[in-house]
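Participant: Here's a structure for you.
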Amino acid sequence: MNHLGFDTEKLKIGSFDFTCCEGCQLQLANHESTLPEFLALLDIRNFREISSERLDDSDIALVEGSITRSDEVERLKAIRAQAKVLVAYGTCACFGGMNAQKNKFPKEECIRTVYGDKQIDTMPEAHKISDFVQVDYSIPGCPVSKEEVERIVVSIATRSPIALPKYPVCVECKQRLNTCLFDLGEVCLGPISRAGCDAVCPSGKTVCLGCRGPADDINYASFTELVRDKGLSTEEMREKLAFYNGFTEYLNHEG
């Protein structure tokens, strides 16, 4: 068949979930907009939310979730060995996500709080998937943007250039004529977080927590100065920077 200009079979694609809420898969399973046309381009090999197929061979493997158990490491490596292209999608896969909150506490305390006296095979820390395998492309977001995932998969299929926005969320906020949340007395990570979400949180008067990680070439020193100049809490700023684990390098450097 002729597929996106190439004489080839449909792309084999699988979506694999690890420790997560599967919210990113649910985003892709949304039946609105372009889903039927998008799925028509693909041979779905593994996608728990929309298909009963459980096959491992994929041209493109979309991996969601962080790694928190030793058996997940082995499964992830097996997926990597089969896939031609591996895409980390969602904040948990890209940075460790909210699951990395447990990294702040002793392993035994976390297990006891959640599981009581049960013996659980869990790692001391939650990891992003690039800690264990090579990642070809990353699509951050909590959850991901369905349109962005579709665009990047099509770009992979057509061998087109792939790039995430380099500018911060503040650009999209201004485009939407939002009132700056700093002016409302809130610590918002919009000035240093990667855009691409259409400023959905600030548009709902909720601060940006940086689920898409840092934008390119951010001025972290200027951002911390802004927080202080506004008379806001630097401790609160650090808590928000640590929320999704995307700003670890900045917090470690600061420490």
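We label chains A, B, ... in the order they appear in the structure tokens, count residues from 1 in each chain, and number ligands from 1 in the order shown.
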Could you give me, as a tab-separated table (two decimals) with all heavy atoms, in the first residue's frame, the residues within 12 Å of Val169 (chain A), counting only C-alpha atoms and dropping anything in the same chain fewer than 6 positions from it?

Facilitator:
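Just written: result.tsv:
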```tsv
chain	number	residue	atom	x	y	z
A	175	GLN	N	-0.22	35.06	24.43
A	175	GLN	CA	-1.03	34.91	23.23
A	175	GLN	C	-2.51	34.75	23.58
A	175	GLN	O	-3.39	35.15	22.82
A	175	GLN	CB	-0.55	33.71	22.42
A	175	GLN	CG	0.80	33.94	21.74
A	175	GLN	CD	1.36	32.68	21.11
A	175	GLN	OE1	0.95	31.56	21.43
A	175	GLN	NE2	2.30	32.86	20.18
A	176	ARG	N	-2.78	34.17	24.74
A	176	ARG	CA	-4.16	33.98	25.18
A	176	ARG	C	-4.67	35.14	26.05
A	176	ARG	O	-5.76	35.07	26.58
A	176	ARG	CB	-4.28	32.66	25.95
A	176	ARG	CG	-3.94	31.44	25.09
A	176	ARG	CD	-4.29	30.14	25.75
A	176	ARG	NE	-5.73	30.00	25.92
A	176	ARG	CZ	-6.33	28.87	26.30
A	176	ARG	NH1	-5.63	27.79	26.53
A	176	ARG	NH2	-7.64	28.84	26.45
A	178	ASN	N	-3.82	36.16	28.95
A	178	ASN	CA	-4.06	35.81	30.36
A	178	ASN	C	-3.44	36.85	31.29
A	178	ASN	O	-2.40	37.45	30.97
A	178	ASN	CB	-3.44	34.44	30.68
A	178	ASN	CG	-4.16	33.30	29.99
A	178	ASN	OD1	-5.33	33.42	29.66
A	178	ASN	ND2	-3.46	32.21	29.78
A	180	CYS	N	-1.11	37.62	34.26
A	180	CYS	CA	0.03	36.89	34.80
A	180	CYS	C	-0.25	36.49	36.25
A	180	CYS	O	-0.63	37.32	37.08
A	180	CYS	CB	1.29	37.76	34.74
A	180	CYS	SG	2.75	36.92	35.39
A	188	CYS	N	4.51	30.79	39.68
A	188	CYS	CA	4.16	30.04	38.47
A	188	CYS	C	5.44	29.72	37.72
A	188	CYS	O	6.31	30.59	37.56
A	188	CYS	CB	3.21	30.87	37.61
A	188	CYS	SG	2.73	30.08	36.06
A	189	LEU	N	5.58	28.50	37.23
A	189	LEU	CA	6.80	28.10	36.52
A	189	LEU	C	6.74	28.39	35.02
A	189	LEU	O	7.61	27.98	34.27
A	189	LEU	CB	7.07	26.61	36.74
A	189	LEU	CG	7.21	26.13	38.19
A	189	LEU	CD1	7.70	24.68	38.23
A	189	LEU	CD2	8.14	27.03	38.99
A	190	GLY	N	5.71	29.12	34.60
A	190	GLY	CA	5.57	29.46	33.18
A	190	GLY	C	6.78	30.11	32.54
A	190	GLY	O	7.11	29.81	31.39
A	191	PRO	N	7.51	31.00	33.25
A	191	PRO	CA	8.65	31.66	32.62
A	191	PRO	C	9.81	30.73	32.27
A	191	PRO	O	10.67	31.10	31.45
A	191	PRO	CB	9.10	32.67	33.69
A	191	PRO	CG	7.88	32.92	34.51
A	191	PRO	CD	7.18	31.60	34.56
A	192	ILE	N	9.86	29.53	32.87
A	192	ILE	CA	11.00	28.64	32.61
A	192	ILE	C	10.59	27.28	32.07
A	192	ILE	O	11.44	26.43	31.78
A	192	ILE	CB	11.85	28.45	33.88
A	192	ILE	CG1	11.01	27.91	35.03
A	192	ILE	CG2	12.54	29.76	34.26
A	192	ILE	CD1	11.82	27.57	36.28
A	193	SER	N	9.28	27.03	31.89
A	193	SER	CA	8.80	25.72	31.45
A	193	SER	C	8.54	25.70	29.95
A	193	SER	O	8.11	26.69	29.37
A	193	SER	CB	7.51	25.35	32.20
A	193	SER	OG	7.75	25.25	33.58
A	194	ARG	N	8.78	24.55	29.34
A	194	ARG	CA	8.63	24.41	27.89
A	194	ARG	C	7.17	24.54	27.47
A	194	ARG	O	6.28	23.91	28.06
A	194	ARG	CB	9.17	23.06	27.44
A	194	ARG	CG	9.22	22.90	25.92
A	194	ARG	CD	9.75	21.53	25.52
A	194	ARG	NE	11.09	21.29	26.01
A	194	ARG	CZ	12.19	21.72	25.42
A	194	ARG	NH1	12.12	22.43	24.31
A	194	ARG	NH2	13.39	21.44	25.94
A	195	ALA	N	6.94	25.34	26.46
A	195	ALA	CA	5.59	25.52	25.92
A	195	ALA	C	5.16	24.30	25.10
A	195	ALA	O	5.90	23.33	24.94
A	195	ALA	CB	5.54	26.78	25.07
A	196	GLY	N	3.94	24.38	24.58
A	196	GLY	CA	3.39	23.30	23.79
A	196	GLY	C	2.07	22.81	24.34
A	196	GLY	O	1.38	22.00	23.73
A	197	CYS	N	1.70	23.32	25.52
A	197	CYS	CA	0.46	22.91	26.18
A	197	CYS	C	-0.67	23.91	25.94
A	197	CYS	O	-1.78	23.73	26.44
A	197	CYS	CB	0.70	22.78	27.68
A	197	CYS	SG	1.31	24.32	28.43
A	198	ASP	N	-0.37	24.99	25.22
A	198	ASP	CA	-1.32	26.08	25.01
A	198	ASP	C	-1.70	26.75	26.33
A	198	ASP	O	-2.82	27.24	26.49
A	198	ASP	CB	-2.57	25.58	24.28
A	198	ASP	CG	-3.36	26.73	23.65
A	198	ASP	OD1	-2.76	27.77	23.33
A	198	ASP	OD2	-4.59	26.57	23.47
A	199	ALA	N	-0.76	26.74	27.27
A	199	ALA	CA	-0.95	27.40	28.57
A	199	ALA	C	-2.28	27.01	29.22
A	199	ALA	O	-2.98	27.84	29.80
A	199	ALA	CB	-0.87	28.92	28.41
A	200	VAL	N	-2.59	25.73	29.18
A	200	VAL	CA	-3.90	25.28	29.64
A	200	VAL	C	-4.09	25.53	31.14
A	200	VAL	O	-5.19	25.91	31.58
A	200	VAL	CB	-4.12	23.78	29.28
A	200	VAL	CG1	-3.07	22.89	29.91
A	200	VAL	CG2	-5.52	23.33	29.68
A	201	CYS	N	-3.05	25.32	31.94
A	201	CYS	CA	-3.20	25.51	33.39
A	201	CYS	C	-3.35	26.99	33.77
A	201	CYS	O	-4.31	27.35	34.45
A	201	CYS	CB	-2.04	24.86	34.14
A	201	CYS	SG	-2.04	23.05	34.03
A	202	PRO	N	-2.43	27.87	33.34
A	202	PRO	CA	-2.62	29.28	33.67
A	202	PRO	C	-3.91	29.87	33.11
A	202	PRO	O	-4.49	30.77	33.71
A	202	PRO	CB	-1.39	29.95	33.04
A	202	PRO	CG	-0.36	28.87	32.97
A	202	PRO	CD	-1.13	27.63	32.68
A	203	SER	N	-4.37	29.35	31.98
A	203	SER	CA	-5.62	29.85	31.41
A	203	SER	C	-6.81	29.51	32.31
A	203	SER	O	-7.84	30.19	32.28
A	203	SER	CB	-5.85	29.26	30.02
A	203	SER	OG	-4.83	29.70	29.13
A	207	VAL	N	-1.53	27.58	38.48
A	207	VAL	CA	-0.13	27.85	38.14
A	207	VAL	C	0.47	26.70	37.33
A	207	VAL	O	0.07	25.54	37.48
A	207	VAL	CB	0.73	28.07	39.41
A	207	VAL	CG1	0.26	29.30	40.16
A	207	VAL	CG2	0.73	26.85	40.31
A	208	CYS	N	1.43	27.04	36.48
A	208	CYS	CA	2.20	26.03	35.76
A	208	CYS	C	3.16	25.37	36.73
A	208	CYS	O	3.88	26.03	37.48
A	208	CYS	CB	2.98	26.70	34.62
A	208	CYS	SG	4.15	25.59	33.79
A	209	LEU	N	3.18	24.02	36.71
A	209	LEU	CA	4.09	23.25	37.56
A	209	LEU	C	5.20	22.60	36.75
A	209	LEU	O	5.92	21.73	37.25
A	209	LEU	CB	3.32	22.19	38.34
A	209	LEU	CG	2.36	22.73	39.42
A	209	LEU	CD1	1.60	21.57	40.06
A	209	LEU	CD2	3.11	23.51	40.48
A	210	GLY	N	5.33	22.99	35.49
A	210	GLY	CA	6.46	22.54	34.69
A	210	GLY	C	6.41	21.09	34.26
A	210	GLY	O	7.45	20.43	34.20
A	211	CYS	N	5.23	20.58	33.91
A	211	CYS	CA	5.14	19.17	33.54
A	211	CYS	C	5.86	18.86	32.23
A	211	CYS	O	6.19	17.70	31.96
A	211	CYS	CB	3.68	18.72	33.45
A	211	CYS	SG	2.76	19.32	32.01
A	212	ARG	N	6.15	19.89	31.42
A	212	ARG	CA	6.87	19.66	30.16
A	212	ARG	C	8.37	19.93	30.30
A	212	ARG	O	9.10	19.90	29.32
A	212	ARG	CB	6.27	20.53	29.05
A	212	ARG	CG	4.88	20.06	28.62
A	212	ARG	CD	4.23	20.99	27.60
A	212	ARG	NE	4.98	21.11	26.38
A	212	ARG	CZ	4.92	20.25	25.34
A	212	ARG	NH1	4.11	19.20	25.42
A	212	ARG	NH2	5.63	20.44	24.26
A	213	GLY	N	8.82	20.14	31.53
A	213	GLY	CA	10.23	20.33	31.76
A	213	GLY	C	10.70	21.73	31.38
A	213	GLY	O	9.91	22.58	30.96
A	214	PRO	N	12.00	21.98	31.51
A	214	PRO	CA	12.52	23.33	31.24
A	214	PRO	C	12.54	23.67	29.75
A	214	PRO	O	12.82	22.81	28.91
A	214	PRO	CB	13.95	23.28	31.81
A	214	PRO	CG	14.29	21.83	31.88
A	214	PRO	CD	13.02	21.07	32.03
A	215	ALA	N	12.24	24.92	29.44
A	215	ALA	CA	12.40	25.43	28.08
A	215	ALA	C	13.89	25.56	27.78
A	215	ALA	O	14.73	25.46	28.68
A	215	ALA	CB	11.69	26.78	27.94
A	216	ASP	N	14.21	25.77	26.52
A	216	ASP	CA	15.62	25.93	26.14
A	216	ASP	C	16.16	27.26	26.64
A	216	ASP	O	15.47	28.29	26.61
A	216	ASP	CB	15.76	25.87	24.62
A	216	ASP	CG	15.55	24.47	24.07
A	216	ASP	OD1	15.10	23.59	24.83
A	216	ASP	OD2	15.83	24.26	22.87
A	218	ILE	N	16.86	28.70	29.49
A	218	ILE	CA	16.15	29.47	30.51
A	218	ILE	C	17.16	30.23	31.37
A	218	ILE	O	18.31	29.81	31.54
A	218	ILE	CB	15.26	28.58	31.39
A	218	ILE	CG1	16.11	27.59	32.21
A	218	ILE	CG2	14.23	27.86	30.57
A	218	ILE	CD1	15.32	26.80	33.23
```

Participant: Smallest atom-to-atom distance to Glu235 (chain A): which of A:Glu249, A:Val187, A:Val87, A:Gly204, using only C-alpha atoms?

Facilitator: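 Nearest to Glu235 (chain A): A:Val187.
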
Participant: Name the residues in contact with Met98 (chain A) at a cut-off of 7 Å, using only C-alpha atoms, excluding same-chain residues fewer than 3 positions from it; report them as number ranges by chain.

Facilitator: A: 92, 101, 243-244

Participant: Please produce an output containing N, CA and C atoms for each residue in the selection, written as a PDB file, in the first residue's frame.

Facilitator:
```pdb
ATOM      1  N   CYS A  92       5.964  11.250  33.212  1.00  0.00           N
ATOM      2  CA  CYS A  92       6.537  10.148  33.992  1.00  0.00           C
ATOM      3  C   CYS A  92       7.665   9.470  33.231  1.00  0.00           C
ATOM      4  N   GLN A 101       8.126  11.648  43.498  1.00  0.00           N
ATOM      5  CA  GLN A 101       7.939  12.209  44.824  1.00  0.00           C
ATOM      6  C   GLN A 101       8.427  11.240  45.904  1.00  0.00           C
ATOM      7  N   PHE A 243       8.102  19.031  41.732  1.00  0.00           N
ATOM      8  CA  PHE A 243       6.839  18.291  41.659  1.00  0.00           C
ATOM      9  C   PHE A 243       6.871  17.189  40.602  1.00  0.00           C
ATOM     10  N   TYR A 244       7.327  17.507  39.398  1.00  0.00           N
ATOM     11  CA  TYR A 244       7.354  16.519  38.311  1.00  0.00           C
ATOM     12  C   TYR A 244       8.752  15.969  38.041  1.00  0.00           C
TER      13      TYR A 244
END
```

Participant: Name the closest residue to Arg159 (chain A) among the candidates A:Leu177, A:Ile79, A:Cys142, A:Val85; distances are taken between atoms, counting only C-alpha atoms.

Facilitator: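 Ranked by minimum distance to Arg159 (chain A), first place goes to A:Val85.
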
Participant: Just to confirm, what's the straight-line distance from CA of Thr179 (chain A) to CA of Ala242 (chain A) in Å (one decimal)?

Facilitator: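 Those two atoms sit 24.8 Å apart.
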
Participant: For region 61-179 of chain A against region 12-24 of chain A, with a cut-off of 9 Å and counting only C-alpha atoms, what is the closest atom pair and its distance in Å to one decimal for every residue that makes the cut, ordered by chain and number, as JSON lines?

Facilitator:
```
{"residue": "A:Ala61", "atom": "CA", "partner": "A:Gly14", "partner_atom": "CA", "distance": 5.0}
{"residue": "A:Leu62", "atom": "CA", "partner": "A:Ser15", "partner_atom": "CA", "distance": 4.6}
{"residue": "A:Val63", "atom": "CA", "partner": "A:Phe16", "partner_atom": "CA", "distance": 4.9}
{"residue": "A:Glu64", "atom": "CA", "partner": "A:Asp17", "partner_atom": "CA", "distance": 4.7}
{"residue": "A:Gly65", "atom": "CA", "partner": "A:Phe18", "partner_atom": "CA", "distance": 4.6}
{"residue": "A:Ser66", "atom": "CA", "partner": "A:Thr19", "partner_atom": "CA", "distance": 5.2}
{"residue": "A:Ile67", "atom": "CA", "partner": "A:Thr19", "partner_atom": "CA", "distance": 6.1}
{"residue": "A:Thr68", "atom": "CA", "partner": "A:Thr19", "partner_atom": "CA", "distance": 6.7}
{"residue": "A:Arg69", "atom": "CA", "partner": "A:Thr19", "partner_atom": "CA", "distance": 8.7}
{"residue": "A:Glu72", "atom": "CA", "partner": "A:Phe18", "partner_atom": "CA", "distance": 7.0}
{"residue": "A:Leu76", "atom": "CA", "partner": "A:Phe18", "partner_atom": "CA", "distance": 8.6}
{"residue": "A:Ile79", "atom": "CA", "partner": "A:Phe16", "partner_atom": "CA", "distance": 8.5}
{"residue": "A:Ala83", "atom": "CA", "partner": "A:Ile13", "partner_atom": "CA", "distance": 8.9}
{"residue": "A:Tyr89", "atom": "CA", "partner": "A:Cys24", "partner_atom": "CA", "distance": 7.5}
{"residue": "A:Gly90", "atom": "CA", "partner": "A:Cys24", "partner_atom": "CA", "distance": 6.2}
{"residue": "A:Cys92", "atom": "CA", "partner": "A:Cys20", "partner_atom": "CA", "distance": 7.0}
{"residue": "A:Ala93", "atom": "CA", "partner": "A:Phe18", "partner_atom": "CA", "distance": 8.5}
{"residue": "A:Gly97", "atom": "CA", "partner": "A:Cys20", "partner_atom": "CA", "distance": 8.8}
{"residue": "A:Met98", "atom": "CA", "partner": "A:Cys20", "partner_atom": "CA", "distance": 8.9}
{"residue": "A:Asn99", "atom": "CA", "partner": "A:Cys20", "partner_atom": "CA", "distance": 7.8}
{"residue": "A:Ala126", "atom": "CA", "partner": "A:Thr19", "partner_atom": "CA", "distance": 8.8}
{"residue": "A:Gly141", "atom": "CA", "partner": "A:Cys24", "partner_atom": "CA", "distance": 8.5}
{"residue": "A:Cys142", "atom": "CA", "partner": "A:Cys24", "partner_atom": "CA", "distance": 7.4}
{"residue": "A:Pro143", "atom": "CA", "partner": "A:Cys24", "partner_atom": "CA", "distance": 5.1}
{"residue": "A:Val144", "atom": "CA", "partner": "A:Cys24", "partner_atom": "CA", "distance": 5.6}
{"residue": "A:Ser145", "atom": "CA", "partner": "A:Cys24", "partner_atom": "CA", "distance": 8.2}
{"residue": "A:Lys146", "atom": "CA", "partner": "A:Cys24", "partner_atom": "CA", "distance": 8.2}
```

Participant: When DSSP is applied to the backbone of this structure, which of region 48-155 of chain A are assigned strand (DSSP E or B)? Write them out as an MDAnalysis selection string.

Facilitator: chainID A and resid 54 60:64 66:67 85:89 127 137:139

Participant: Export, as an mmCIF file, in the first residue's frame, the selected residues with N, CA, C and O atoms.

Facilitator:
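Result file follows (part_8.cif):
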```cif
data_model
loop_
_atom_site.group_PDB
_atom_site.id
_atom_site.type_symbol
_atom_site.label_atom_id
_atom_site.label_comp_id
_atom_site.auth_asym_id
_atom_site.auth_seq_id
_atom_site.Cartn_x
_atom_site.Cartn_y
_atom_site.Cartn_z
ATOM 1 N N ARG A 54 -1.617 -8.004 21.840
ATOM 2 C CA ARG A 54 -0.489 -7.969 22.765
ATOM 3 C C ARG A 54 0.752 -8.505 22.052
ATOM 4 O O ARG A 54 1.268 -9.577 22.365
ATOM 5 N N ILE A 60 7.516 1.579 15.990
ATOM 6 C CA ILE A 60 7.552 2.673 16.949
ATOM 7 C C ILE A 60 6.952 2.192 18.262
ATOM 8 O O ILE A 60 5.828 1.693 18.291
ATOM 9 N N ALA A 61 7.722 2.322 19.334
ATOM 10 C CA ALA A 61 7.218 1.988 20.668
ATOM 11 C C ALA A 61 7.018 3.280 21.445
ATOM 12 O O ALA A 61 7.968 4.040 21.651
ATOM 13 N N LEU A 62 5.784 3.549 21.841
ATOM 14 C CA LEU A 62 5.474 4.673 22.719
ATOM 15 C C LEU A 62 5.483 4.145 24.146
ATOM 16 O O LEU A 62 4.715 3.244 24.474
ATOM 17 N N VAL A 63 6.343 4.694 24.974
ATOM 18 C CA VAL A 63 6.493 4.189 26.342
ATOM 19 C C VAL A 63 6.024 5.244 27.329
ATOM 20 O O VAL A 63 6.513 6.370 27.344
ATOM 21 N N GLU A 64 5.067 4.850 28.150
ATOM 22 C CA GLU A 64 4.473 5.736 29.146
ATOM 23 C C GLU A 64 4.799 5.222 30.541
ATOM 24 O O GLU A 64 4.831 4.021 30.781
ATOM 25 N N SER A 66 6.914 5.803 34.570
ATOM 26 C CA SER A 66 8.265 5.737 35.119
ATOM 27 C C SER A 66 8.596 4.288 35.489
ATOM 28 O O SER A 66 7.731 3.407 35.477
ATOM 29 N N ILE A 67 9.849 4.062 35.833
ATOM 30 C CA ILE A 67 10.315 2.715 36.176
ATOM 31 C C ILE A 67 10.531 2.661 37.685
ATOM 32 O O ILE A 67 11.335 3.412 38.236
ATOM 33 N N VAL A 85 12.160 2.566 16.727
ATOM 34 C CA VAL A 85 12.143 3.904 17.318
ATOM 35 C C VAL A 85 11.413 3.817 18.652
ATOM 36 O O VAL A 85 10.327 3.238 18.724
ATOM 37 N N LEU A 86 12.026 4.367 19.690
ATOM 38 C CA LEU A 86 11.381 4.385 21.003
ATOM 39 C C LEU A 86 11.123 5.827 21.417
ATOM 40 O O LEU A 86 12.031 6.658 21.409
ATOM 41 N N VAL A 87 9.867 6.103 21.760
ATOM 42 C CA VAL A 87 9.440 7.445 22.145
ATOM 43 C C VAL A 87 8.984 7.419 23.595
ATOM 44 O O VAL A 87 8.087 6.659 23.965
ATOM 45 N N ALA A 88 9.613 8.237 24.428
ATOM 46 C CA ALA A 88 9.122 8.443 25.795
ATOM 47 C C ALA A 88 8.007 9.469 25.719
ATOM 48 O O ALA A 88 8.220 10.582 25.256
ATOM 49 N N TYR A 89 6.806 9.086 26.143
ATOM 50 C CA TYR A 89 5.735 10.080 26.096
ATOM 51 C C TYR A 89 5.046 10.199 27.440
ATOM 52 O O TYR A 89 4.762 9.233 28.117
ATOM 53 N N HIS A 127 12.395 6.138 38.312
ATOM 54 C CA HIS A 127 13.336 6.573 37.287
ATOM 55 C C HIS A 127 12.624 6.935 35.991
ATOM 56 O O HIS A 127 11.609 6.334 35.628
ATOM 57 N N TYR A 137 13.043 9.847 20.911
ATOM 58 C CA TYR A 137 12.293 11.100 20.976
ATOM 59 C C TYR A 137 11.555 11.155 22.311
ATOM 60 O O TYR A 137 11.160 10.121 22.852
ATOM 61 N N SER A 138 11.376 12.372 22.814
ATOM 62 C CA SER A 138 10.634 12.568 24.059
ATOM 63 C C SER A 138 9.485 13.543 23.818
ATOM 64 O O SER A 138 9.671 14.571 23.157
ATOM 65 N N ILE A 139 8.309 13.191 24.347
ATOM 66 C CA ILE A 139 7.133 14.057 24.254
ATOM 67 C C ILE A 139 6.619 14.267 25.667
ATOM 68 O O ILE A 139 5.918 13.422 26.219
#
```

Participant: Taking only C-alpha atoms into account, name the residue in A:Lys102, A:Leu181, A:Asp136, A:Asp71 that is nearest to Ile162 (chain A).

Facilitator: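 Closest to Ile162 (chain A), using only C-alpha atoms: A:Asp136.
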
Participant: Just how far from CA of Ala40 (chain A) is CA of Gln25 (chain A), in Å to one decimal?

Facilitator: 17.2 Å

Participant: I need the residues in region 147-220 of chain A that are alpha helix (DSSP H) according to DSSP; give them as a list of chain:residue names.

Facilitator: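 Filtering region 147-220 of chain A to alpha helix (DSSP H) leaves A:Glu147, A:Glu148, A:Val149, A:Glu150, A:Arg151, A:Ile152, A:Val153, A:Val154, A:Ser155, A:Ile156, A:Ala157, A:Val169, A:Cys170, A:Val171, A:Glu172, A:Cys173, A:Lys174, A:Gln175, A:Val200, A:Cys201, A:Pro202, A:Ser203, A:Tyr220.
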
Participant: Could you please determine the separation between CA of Phe47 (chain A) and CA of Leu164 (chain A) in Å, to one decimal place?

Facilitator: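 According to the coordinates, CA of Phe47 (chain A) and CA of Leu164 (chain A) are separated by 24.3 Å.
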